[in-house]
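Read the structure below first, then the notes.
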Amino acid sequence: MGKVNLIIDGKEIQAEQGDTILQAARRHNHYIPILCDHPALPPEGACRICLVEIEGQRALHPSCTYPVTEGMVVETNTERVRAARKFNLELLISDHPLDCMTCEATGNCLLQDLAYEYEVKEDVFHGTRHHFSVNDPNPFIQVDRNKCILCRRCVRACREINGVEAISVFYRGFNAYIGFGADSSMDNSPCEFCGSCVEVCPTGALWPKLSLGQGRSWEVEKVQTTCPYCGVGCQLVLEVKDNKIIKVDSAWEGPSNHGWTCVKGRFGYDFIQHADRLDKPRVRKYLLDGKQKPAASKRDHEKEGNPWQWVEVDWEVALGITAEKMNQTRDTYGADSMGFLTSAKCLNEENYLMNKLTRQVIGTNSIDHCARL
Amino acid sequence: MPVLKNINELEAVREKARAHKKDRENNKLSIILGMGTCGIAAGANEVAAAVREELDKFDLEAEIIHVGCIGMCHNEPLLDIQQPGGARITYTKVTPALVGKIFEKHLIKGEYSKRWIFGQIPGANGEIVEGLPTYDELPFYGKQVRIALRNCGLIDPENIEDYLASGGYGGLAKALFKMSPDDVIEEVKDSGLRGRGGAGFLTGLKWEFCRKAKGYPKYVICNADEGDPGAFMDRSVLEGDPHALLEGMIIAAYAIGAPEGYIYCRAEYPLAIERLKIAIRQAYEMGLMGKNILGSDFSFDLKIKEGAGAFVCGEETALIASIEGKRGEPRPRPPYPAVAGLWGKPTNVNNVKSYAITSQILTKGADWFSEIGTDKSPGTAVFALTGKIKNTGLIEVPMGISLREIIYDIGGGIPDKKEFKAVQTGGPLGGCLPVEALDTPVDFDSLTAAGATMGSGGMIVVDQETCMVEFARYFLTFASAESCGKCVPCRLGGQRLLEVLTRITSGDGTLEDLDEIERISKYMREGSLCALGQLTPGPVMASLRFFRAEYEAHVTEKFCEAGVCAGMFTYEIDADRCTGCGLCMKACPTKAIIGEKKVVHVIDQSQCIQCGACYDVCNLGAVLVKRKHELPVIEAAQGEGVI
Ligand SMILES: Cc1cc2nc3c(=O)[nH]c(=O)nc-3n(C[C@H](O)[C@H](O)[C@H](O)COP(=O)(O)O)c2cc1C
Ligand code: SF4
Ligand code: SF4
Ligand code: SF4
Ligand code: FES
């Protein structure tokens, strides 16, 4: 790829052939405000926030779509472009609920940041505004079209990242809004609830239902980790408040997922702190007592003293009993009477050890893995 | 029809077609019917049925020829009679009942009833009927120069022979066999042709960009979306002379090196699509389209894509998205379609008229074309003339003609003794011009300089009864509803601008609102993605510029001088003009008018609902639009004063 030299705000910079002005500026950490653009998505040119002045051009142009050319001279922060941006922000704010104080995205909202930067404090038009109901019945994602600025990042993410095209824009002009499937609810559309749309939404229009009311963006500690579900190993960023995960983001720099993740990684984390989750081993009381399987029914297993009762024990005891039972089974019925199933939730090393245990210790080849299913 | 394998075969077929035509004109009776959408809407199908019936009755044999729109939409249905070796004589506003009478007079008695006859087109050998005006002598046609519309209304659009007889596909043959693609581009560049779709970009230059762009295959697209309300210039060519478009497209494809093309035509034009399909089939059958056109190395395939009728789909990038099966929305340029268009490949988009004109430029030469019109806007402009004007219809005039000539000479002026107030050009994204601008020459640059635009050919004339605020609001309502909603300035700015205008026309406007109009307009222009958003404020800005006093009257005095905006005026009866005829009293639905016969009538303002019935019905212009002010309530006992 050839290089292109241009001047942005008086600074000579070098860009790659085929860059847009915005991409060139990003390479040099030169700030140009944006709303609809997202580095992981193809440019849209819709919000008109990234407008810049280009020498020799009468009109303002969006830097997110305009390709660089040799010798180009660009101004990104003149009175003229600032006024045009401010006008666009005023328009967006004129059809936006000004409820930032209770908005989930507060502190983490591009529209809010830009309104701050351009000092847009209130609705200056006093015109009609939309009042959409916020009642998409799907289990994962709250859709609040009142907050939507129609940047279409979600539309592009669904199409370009997940390849599903569950989201699109319906109707035209002032009546346009984002919708799902054939203008239905999210769960009535091809949506797979990967949450890519939520990840890229710059406002509070799309938000995980699990995270509603859980905390403010500045209260969380962010912890990067590997998704425990499958072998892809998506990099996730956990938003943790008071030692509790309140939201999961996908990491753009994750080498195997590049910002994408699936419904399980993004929304399937509530088991971690779930009341029903076992965090200590348990064994049936009769095993602990060294007895044979009782003939009585399991129905009353919750009663104190019932032989079927679950008793919390330490790992030593639980594993001891398991090993003993496995030995018994192998000795009585032969190694091939046993089969082993491992899990994608285990590490490679753990799966390797299971393999050893199955083939060498027990002596059977009957081992399989859930990822084959 | 045989597949033509070289230029000689084409010329042979053309000679045959000409001979056939001559034979018909010299030896046969022809009945020519205007069968454009305008004619059919006015009842041409019924007239056609009557023609067949009456011919039977009179035991006459005739060729019935269906042609497209000749431009006189206000006079449809049209019926022309051409007797063997005679002139073609046009009857206007023909009804089925009239057909028999016309035949009897014209064909049996040999009389020409001036009452029904509009004019005549001289016969093949110059024959005319004494005493009847020729088209050229009539103001409606005398000032016209027809290039894009050259065949409309004259030939049968469903008969390729007619097109060939008129010289059709000669330009293509010349391009294919006598010129290199670069020569063709040079020729079009030399002609100075500017695109007739609105923006007026140099056609030859656009072709050159596309030819030079890297990528294969390349595409040529015809923009036949024609979404402007009230515009029907392109439809007329599609319906009246589809081969002219096809020929132009094949020439463009040859020049650019494009093996494929699309015509993007709105589905609301079923007749146009039907005729295009027929024309394309005929062109394929004769080897004028498809593989090895006329035996040359050049091959070209053409498809029709029907659009669902969104105005914004006329914008070239939205049109391309629509062909690709995507939501019809514009995308930022650059890259321009010439570099990355349909499926990301170099693509040339031109308007119907641009292609139809190109085929003539190739036939007659760049010099011929550039002689017509002005230096910077050579050639002709096609307008759909509508509104408060006597002759509505489709006209083609040389560029540089003044608005006054179009409106008063060709259009016949304003009907009903009303006064001209403004003319809107450029459609819903154009602008209006006041009476002071009537001498503006009609060309791309002069109209823009004057504050309007050329657009693709809408021309709407309004008289004193039009409120210019409401007029602007009308276009704004259209444009903002047609915004695709992609970019912020247009999606939300259009709505906000409309809200300001609605405030003004409903009496809630303030002087600050006038500044607000200018502010919103400025930034919509500056920031919108496509020309729809950039030009949406056009009509508002133009009317504010030229009719500011009217805006001010709306906001400061709450007065609408045109008597249009509800609640912002009163009707009063001018005592000097009223003769007490009582017409208004009968028309008034609320019985608000009081007065005895032959005595000046008065309107009881407490009963008046400003419906305008009295205003419309008064022959003497005695009902006046007045500022609202307190009027003494007229005491009248029930029944008294009622005739
Ligand atoms: C909102 C909008 C609507 C348009 N509609 C049409 C149309 O109906 N027909 C047309 O030829 N051009 C239309 N245009 C212009 C096209 O974008 C394009 O400039 C034109 O087709 C190019 O052809 P030309 O060079 O022959 O003029 C429209 C442009 C805009 C912004
Ligand atoms: S959750 Fe994923 S699949 Fe569903 S709409 Fe969002 S991006 Fe598309
Ligand atoms: S929901 Fe969010 S990402 Fe989607 S268009 Fe609206 S603001 Fe943009
Ligand atoms: S200017 Fe209007 S029509 Fe054009 S892209 Fe923007 S919203 Fe769509
Ligand atoms: S970021 Fe460029 S137009 Fe939105």
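Chains: A, B, ... in order of the structure tokens. Residues: from 1 per chain. Ligands: from 1, in order shown.
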Write out as a short mmCIF file (atom, residue, chain, number, x, y, z; two decimals) with C-alpha atoms, in the first residue's frame every residue belonging to chain B that has an atom at most 12 Å from any atom of chain A, counting only C-alpha atoms.
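What ended up in part12.cif:
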data_model
loop_
_atom_site.label_atom_id
_atom_site.label_comp_id
_atom_site.auth_asym_id
_atom_site.auth_seq_id
_atom_site.Cartn_x
_atom_site.Cartn_y
_atom_site.Cartn_z
CA ALA B 310 -39.62 6.76 -3.39
CA PHE B 311 -38.49 10.20 -4.46
CA VAL B 312 -35.08 9.69 -2.92
CA LYS B 326 -31.01 -2.68 -0.48
CA ARG B 327 -32.98 0.03 1.23
CA GLY B 328 -33.01 2.98 -1.15
CA GLU B 329 -30.74 5.37 0.65
CA PRO B 330 -27.99 7.60 -0.64
CA ARG B 331 -24.42 7.14 0.46
CA PRO B 332 -21.75 9.79 0.63
CA ARG B 333 -19.79 10.58 -2.49
CA PRO B 334 -16.89 10.24 -3.20
CA PRO B 335 -16.48 7.61 -4.36
CA TYR B 336 -18.73 8.58 -7.24
CA THR B 477 -44.03 18.68 3.50
CA PHE B 478 -43.24 16.59 0.46
CA ALA B 479 -39.47 16.78 0.76
CA SER B 480 -39.35 16.09 4.48
CA ALA B 481 -41.68 13.13 4.11
CA GLU B 482 -39.45 11.81 1.34
CA SER B 483 -36.26 12.18 3.36
CA CYS B 484 -34.77 8.73 3.68
CA GLY B 485 -33.96 9.45 7.30
CA LYS B 486 -30.33 8.46 7.10
CA CYS B 487 -28.59 11.69 8.00
CA VAL B 488 -29.38 13.95 10.91
CA PRO B 489 -29.71 17.39 9.24
CA CYS B 490 -32.30 16.16 6.77
CA ARG B 491 -34.18 13.69 8.96
CA LEU B 492 -34.64 16.05 11.88
CA GLY B 493 -33.89 19.41 10.26
CA GLY B 494 -36.61 18.93 7.64
CA GLN B 495 -39.11 18.17 10.37
CA ARG B 496 -38.09 21.20 12.43
CA LEU B 497 -38.24 23.48 9.41
CA LEU B 498 -41.69 22.18 8.60
CA GLU B 499 -42.77 22.86 12.16
CA VAL B 500 -41.65 26.49 11.88
CA LEU B 501 -43.58 26.96 8.65
CA THR B 502 -46.62 25.28 10.07
CA ARG B 503 -46.45 27.66 13.01
CA ASP B 513 -39.14 32.23 13.32
CA GLU B 516 -34.92 30.26 12.54
CA ILE B 517 -35.91 29.35 8.97
CA ARG B 519 -30.63 29.07 10.43
CA ILE B 520 -32.11 25.62 9.84
CA SER B 521 -31.88 26.06 6.08
CA LYS B 522 -28.25 27.06 6.24
CA TYR B 523 -27.20 24.01 8.19
CA MET B 524 -29.37 21.58 6.28
CA ARG B 525 -27.67 22.78 3.14
CA GLU B 526 -24.28 22.56 4.68
CA GLY B 527 -24.54 19.26 6.48
CA SER B 528 -26.94 16.97 4.65
CA LEU B 529 -25.65 13.86 2.99
CA CYS B 530 -27.39 14.11 -0.36
CA ALA B 531 -28.97 16.77 -2.50
CA LEU B 532 -32.41 15.98 -1.12
CA GLY B 533 -31.48 17.29 2.30
CA GLN B 534 -29.25 19.99 0.91
#
I'd like the neighbourhood of Val237 in chain B as a list in words, where a residue qualifies if any of its atoms comes within 9 Å (using only C-alpha atoms), though same-chain residues fewer than 2 positions away should be ignored.
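In the requested form, the answer reads Gly68, Cys69, Ala148, Leu149, Asn151, Cys152, Phe232, Met233, Asp234, Arg235, Glu239, Gly240, Asp241, Pro242, Ala244, Leu245, Ala272, Val352, Lys353 and Ala356 of chain B.
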Counting only C-alpha atoms, closest pick from A:Thr261, A:Asn5, A:Ser189, A:Thr226 relative to Val164 in chain A is A:Ser189
Per residue of chain A within 7 Å of ligand 2, note the shortest atom pair and the distance in Å to one decimal, counting only C-alpha atoms and all ligand atoms, and order the rows by chain and increasing residue number, as a Markdown table.
| residue | atom | partner | partner_atom_place_in_ligand_line | distance |
| --- | --- | --- | --- | --- |
| A:Cys154 | CA | ligand 2 | 7 (S) | 6.4 |
| A:Ala157 | CA | ligand 2 | 7 (S) | 5.7 |
| A:Cys158 | CA | ligand 2 | 7 (S) | 3.7 |
| A:Asn162 | CA | ligand 2 | 7 (S) | 6.0 |
| A:Val164 | CA | ligand 2 | 3 (S) | 5.6 |
| A:Glu165 | CA | ligand 2 | 8 (Fe) | 6.2 |
| A:Ala166 | CA | ligand 2 | 5 (S) | 5.0 |
| A:Ile167 | CA | ligand 2 | 5 (S) | 5.5 |
| A:Met186 | CA | ligand 2 | 5 (S) | 6.8 |
| A:Pro190 | CA | ligand 2 | 3 (S) | 6.9 |
| A:Cys191 | CA | ligand 2 | 4 (Fe) | 3.6 |
| A:Glu192 | CA | ligand 2 | 3 (S) | 4.2 |
| A:Phe193 | CA | ligand 2 | 1 (S) | 3.3 |
| A:Cys194 | CA | ligand 2 | 2 (Fe) | 3.8 |
| A:Gly195 | CA | ligand 2 | 1 (S) | 3.7 |
| A:Ser196 | CA | ligand 2 | 7 (S) | 4.2 |
| A:Cys197 | CA | ligand 2 | 7 (S) | 4.2 |
| A:Val198 | CA | ligand 2 | 6 (Fe) | 6.5 |
Write to file, as a compact mmCIF listing (two decimals), in the first residue's frame, the residues of the selection just made, with all heavy atoms.
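Result saved to again.txt:
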# COMPACT_ATOMS: atom_id res chain seq x y z
N CYS A 154 -25.85 -0.46 15.12
CA CYS A 154 -26.40 -1.79 15.42
C CYS A 154 -26.75 -2.54 14.14
O CYS A 154 -26.50 -3.73 14.01
CB CYS A 154 -27.64 -1.65 16.31
SG CYS A 154 -28.92 -0.59 15.60
N ALA A 157 -23.55 -3.70 12.72
CA ALA A 157 -22.92 -4.74 13.54
C ALA A 157 -23.62 -6.07 13.31
O ALA A 157 -23.00 -7.12 13.12
CB ALA A 157 -22.96 -4.37 15.01
N CYS A 158 -24.94 -6.03 13.28
CA CYS A 158 -25.70 -7.27 13.09
C CYS A 158 -25.40 -7.87 11.73
O CYS A 158 -25.26 -9.07 11.58
CB CYS A 158 -27.19 -6.99 13.25
SG CYS A 158 -28.17 -8.49 13.36
N ASN A 162 -22.12 -10.12 13.03
CA ASN A 162 -22.78 -11.40 13.27
C ASN A 162 -23.33 -12.04 12.00
O ASN A 162 -23.60 -13.22 11.98
CB ASN A 162 -23.90 -11.23 14.30
CG ASN A 162 -24.24 -12.54 14.97
OD1 ASN A 162 -23.40 -13.42 15.05
ND2 ASN A 162 -25.47 -12.69 15.41
N VAL A 164 -26.23 -11.58 10.55
CA VAL A 164 -27.59 -12.04 10.76
C VAL A 164 -28.64 -11.11 10.12
O VAL A 164 -29.65 -11.56 9.62
CB VAL A 164 -27.86 -12.20 12.28
CG1 VAL A 164 -29.34 -12.30 12.55
CG2 VAL A 164 -27.17 -13.47 12.77
N GLU A 165 -28.39 -9.83 10.10
CA GLU A 165 -29.35 -8.86 9.55
C GLU A 165 -30.70 -8.91 10.23
O GLU A 165 -31.75 -8.91 9.59
CB GLU A 165 -29.52 -9.04 8.03
CG GLU A 165 -28.20 -9.00 7.30
CD GLU A 165 -28.33 -8.73 5.81
OE1 GLU A 165 -29.38 -8.22 5.39
OE2 GLU A 165 -27.36 -9.00 5.08
N ALA A 166 -30.68 -8.98 11.55
CA ALA A 166 -31.95 -8.96 12.28
C ALA A 166 -32.48 -7.54 12.44
O ALA A 166 -33.67 -7.34 12.64
CB ALA A 166 -31.77 -9.59 13.67
N ILE A 167 -31.58 -6.56 12.36
CA ILE A 167 -31.99 -5.16 12.58
C ILE A 167 -31.98 -4.42 11.27
O ILE A 167 -31.07 -4.59 10.46
CB ILE A 167 -31.03 -4.41 13.52
CG1 ILE A 167 -30.68 -5.27 14.72
CG2 ILE A 167 -31.62 -3.09 13.96
CD1 ILE A 167 -29.83 -4.55 15.73
N MET A 186 -37.66 -8.37 18.95
CA MET A 186 -36.36 -9.00 18.74
C MET A 186 -36.45 -10.53 18.76
O MET A 186 -35.82 -11.21 17.95
CB MET A 186 -35.42 -8.57 19.86
CG MET A 186 -34.31 -7.69 19.36
SD MET A 186 -33.28 -7.16 20.72
CE MET A 186 -31.74 -6.98 19.86
N PRO A 190 -34.73 -12.89 13.32
CA PRO A 190 -33.62 -13.86 13.26
C PRO A 190 -32.55 -13.62 14.33
O PRO A 190 -31.53 -14.30 14.34
CB PRO A 190 -33.02 -13.64 11.87
CG PRO A 190 -33.98 -12.81 11.13
CD PRO A 190 -34.78 -12.05 12.12
N CYS A 191 -32.77 -12.69 15.22
CA CYS A 191 -31.77 -12.31 16.22
C CYS A 191 -31.27 -13.53 17.00
O CYS A 191 -32.04 -14.40 17.40
CB CYS A 191 -32.37 -11.30 17.19
SG CYS A 191 -31.31 -10.96 18.60
N GLU A 192 -29.97 -13.57 17.22
CA GLU A 192 -29.36 -14.65 18.01
C GLU A 192 -28.91 -14.15 19.37
O GLU A 192 -28.25 -14.86 20.12
CB GLU A 192 -28.15 -15.22 17.25
CG GLU A 192 -28.55 -15.88 15.94
CD GLU A 192 -27.34 -16.22 15.07
OE1 GLU A 192 -26.26 -15.68 15.32
OE2 GLU A 192 -27.52 -17.03 14.15
N PHE A 193 -29.20 -12.92 19.66
CA PHE A 193 -28.84 -12.31 20.94
C PHE A 193 -27.35 -12.38 21.24
O PHE A 193 -26.93 -12.62 22.36
CB PHE A 193 -29.68 -12.91 22.09
CG PHE A 193 -31.14 -12.61 21.90
CD1 PHE A 193 -32.00 -13.58 21.42
CD2 PHE A 193 -31.62 -11.33 22.13
CE1 PHE A 193 -33.34 -13.27 21.19
CE2 PHE A 193 -32.95 -11.03 21.89
CZ PHE A 193 -33.81 -12.00 21.43
N CYS A 194 -26.59 -12.15 20.19
CA CYS A 194 -25.14 -12.09 20.39
C CYS A 194 -24.76 -10.80 21.11
O CYS A 194 -23.70 -10.69 21.69
CB CYS A 194 -24.41 -12.17 19.05
SG CYS A 194 -24.64 -10.68 18.06
N GLY A 195 -25.64 -9.79 21.01
CA GLY A 195 -25.39 -8.54 21.72
C GLY A 195 -24.38 -7.64 21.05
O GLY A 195 -23.97 -6.64 21.63
N SER A 196 -23.99 -7.95 19.82
CA SER A 196 -23.06 -7.05 19.12
C SER A 196 -23.65 -5.67 18.98
O SER A 196 -22.95 -4.66 19.06
CB SER A 196 -22.75 -7.60 17.73
OG SER A 196 -22.20 -8.88 17.83
N CYS A 197 -24.96 -5.64 18.77
CA CYS A 197 -25.63 -4.36 18.62
C CYS A 197 -25.53 -3.55 19.90
O CYS A 197 -25.30 -2.34 19.87
CB CYS A 197 -27.09 -4.58 18.22
SG CYS A 197 -27.96 -5.74 19.29
N VAL A 198 -25.69 -4.21 21.02
CA VAL A 198 -25.60 -3.53 22.31
C VAL A 198 -24.19 -2.97 22.49
O VAL A 198 -23.99 -1.85 22.92
CB VAL A 198 -25.91 -4.50 23.46
CG1 VAL A 198 -25.85 -3.78 24.79
CG2 VAL A 198 -27.27 -5.14 23.25
Which chains and residue numbers are within 9 Å of ligand 1, counting only C-alpha atoms and all ligand atoms, if I want them as a PyMOL selection string?
chain B and resi 194-203+206+221-228+234+310-319+330+348-355+429+455-456+479+482-483+530-536
Just the residues within 9 Å of Thr570 in chain B, please, counting only C-alpha atoms, with nothing from its chain fewer than 4 positions along; format it as a count of residues only.
10
Range 370-372 of chain B environment, 7 Å, only C-alpha atoms, sequence neighbours closer than 5 positions dropped, as a list in words:
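Contacts, with the query itself left out: Ser191, Gly192, Pro378, Gly379 and Pro398 of chain B.
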Generate the output file for the selected residues, N, CA and C atoms, as a tab-separated table (two decimals), in the first residue's frame.
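Resulting contents of out.tsv:
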chain	number	residue	atom	x	y	z
B	191	SER	N	-20.31	18.57	-27.60
B	191	SER	CA	-21.68	19.08	-27.69
B	191	SER	C	-22.01	19.94	-26.48
B	192	GLY	N	-21.26	19.74	-25.38
B	192	GLY	CA	-21.53	20.52	-24.17
B	192	GLY	C	-22.75	20.06	-23.42
B	378	PRO	N	-25.98	24.35	-23.61
B	378	PRO	CA	-26.45	24.13	-24.98
B	378	PRO	C	-27.67	23.20	-25.01
B	379	GLY	N	-28.39	23.31	-26.12
B	379	GLY	CA	-29.51	22.39	-26.33
B	379	GLY	C	-30.81	22.95	-25.81
B	398	PRO	N	-35.59	25.93	-26.45
B	398	PRO	CA	-34.14	26.13	-26.46
B	398	PRO	C	-33.71	26.80	-25.15
Excluding range 302-310 of chain A and any residue of its chain fewer than 4 positions from it, enumerate the residues within 8 Å of it, using only C-alpha atoms, and give them as number ranges by chain.
A: 282-286, 294, 298
Could you go through range 239-313 of chain B and tell me which residues DSSP, when run on the backbone, assigns to alpha helix (DSSP H), listing them as a VMD selection string?
chain B and resid 239 to 240 242 to 256 270 to 285
Contacts of Arg404 in chain B at 8 Å (only C-alpha atoms; same-chain gap of 5+ positions) as a short mmCIF file (atom, residue, chain, number, x, y, z; two decimals) with N, CA, C and O atoms, in the first residue's frame:
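And here is the file that came out, out.cif:
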data_model
loop_
_atom_site.label_atom_id
_atom_site.label_comp_id
_atom_site.auth_asym_id
_atom_site.auth_seq_id
_atom_site.Cartn_x
_atom_site.Cartn_y
_atom_site.Cartn_z
N ASP B 409 -46.12 33.23 -23.85
CA ASP B 409 -46.28 32.87 -25.27
C ASP B 409 -46.68 31.41 -25.41
O ASP B 409 -47.67 31.09 -26.05
N LEU B 438 -39.08 37.52 -14.37
CA LEU B 438 -39.67 36.87 -15.54
C LEU B 438 -38.77 36.91 -16.77
O LEU B 438 -38.92 36.09 -17.67
N ASP B 439 -37.84 37.85 -16.79
CA ASP B 439 -36.97 37.91 -17.96
C ASP B 439 -35.69 37.09 -17.80
O ASP B 439 -34.82 37.13 -18.66
#
Nearest to Met354 in chain A, restricted to only C-alpha atoms and choosing among A:Lys247, A:His369, A:Arg216, A:Arg156, comes out as A:His369
Just the strand (DSSP E) stuff from range 428-581 of chain B, please, per backbone DSSP, written as a list in words.
Gly431, Cys432, Leu433, Pro434, Gly458, Met459, Ile460, Val461, Val462, Asp463, Thr570, Tyr571, Glu572 and Ile573 of chain B
Between A:Thr78, A:Ser133, A:Asn146, A:Asn108, which one has atoms that come closest to ligand 3, using only C-alpha atoms and all ligand atoms?
A:Asn146
Write out as a list in words the residues lying within 8 Å of Gln142 in chain A, counting only C-alpha atoms and excluding same-chain residues fewer than 4 positions away.
Val134, Asn135, Asp136, Asn138, Ala205, Leu206, Trp207, Pro208 and Lys209 of chain A
Selected residues written out, N, CA and C atoms, as an mmCIF file, in the first residue's frame:
data_model
loop_
_atom_site.group_PDB
_atom_site.id
_atom_site.type_symbol
_atom_site.label_atom_id
_atom_site.label_comp_id
_atom_site.auth_asym_id
_atom_site.auth_seq_id
_atom_site.Cartn_x
_atom_site.Cartn_y
_atom_site.Cartn_z
ATOM 1 N N VAL A 134 -41.263 1.160 25.540
ATOM 2 C CA VAL A 134 -40.027 0.391 25.716
ATOM 3 C C VAL A 134 -40.449 -0.990 26.188
ATOM 4 N N ASN A 135 -40.885 -1.827 25.275
ATOM 5 C CA ASN A 135 -41.427 -3.095 25.765
ATOM 6 C C ASN A 135 -41.084 -4.286 24.897
ATOM 7 N N ASP A 136 -39.906 -4.272 24.305
ATOM 8 C CA ASP A 136 -39.553 -5.445 23.513
ATOM 9 C C ASP A 136 -39.459 -6.651 24.453
ATOM 10 N N ASN A 138 -38.182 -9.547 24.468
ATOM 11 C CA ASN A 138 -37.107 -10.547 24.480
ATOM 12 C C ASN A 138 -36.450 -10.610 25.854
ATOM 13 N N ALA A 205 -29.807 3.270 24.018
ATOM 14 C CA ALA A 205 -30.967 2.725 23.309
ATOM 15 C C ALA A 205 -31.043 1.205 23.410
ATOM 16 N N LEU A 206 -29.902 0.558 23.380
ATOM 17 C CA LEU A 206 -29.876 -0.901 23.524
ATOM 18 C C LEU A 206 -29.081 -1.204 24.787
ATOM 19 N N TRP A 207 -29.682 -1.927 25.697
ATOM 20 C CA TRP A 207 -29.002 -2.171 26.966
ATOM 21 C C TRP A 207 -29.357 -3.565 27.468
ATOM 22 N N PRO A 208 -28.403 -4.274 28.074
ATOM 23 C CA PRO A 208 -28.721 -5.610 28.576
ATOM 24 C C PRO A 208 -29.748 -5.528 29.704
ATOM 25 N N LYS A 209 -30.778 -6.307 29.611
ATOM 26 C CA LYS A 209 -31.809 -6.273 30.650
ATOM 27 C C LYS A 209 -31.233 -6.653 32.014
#
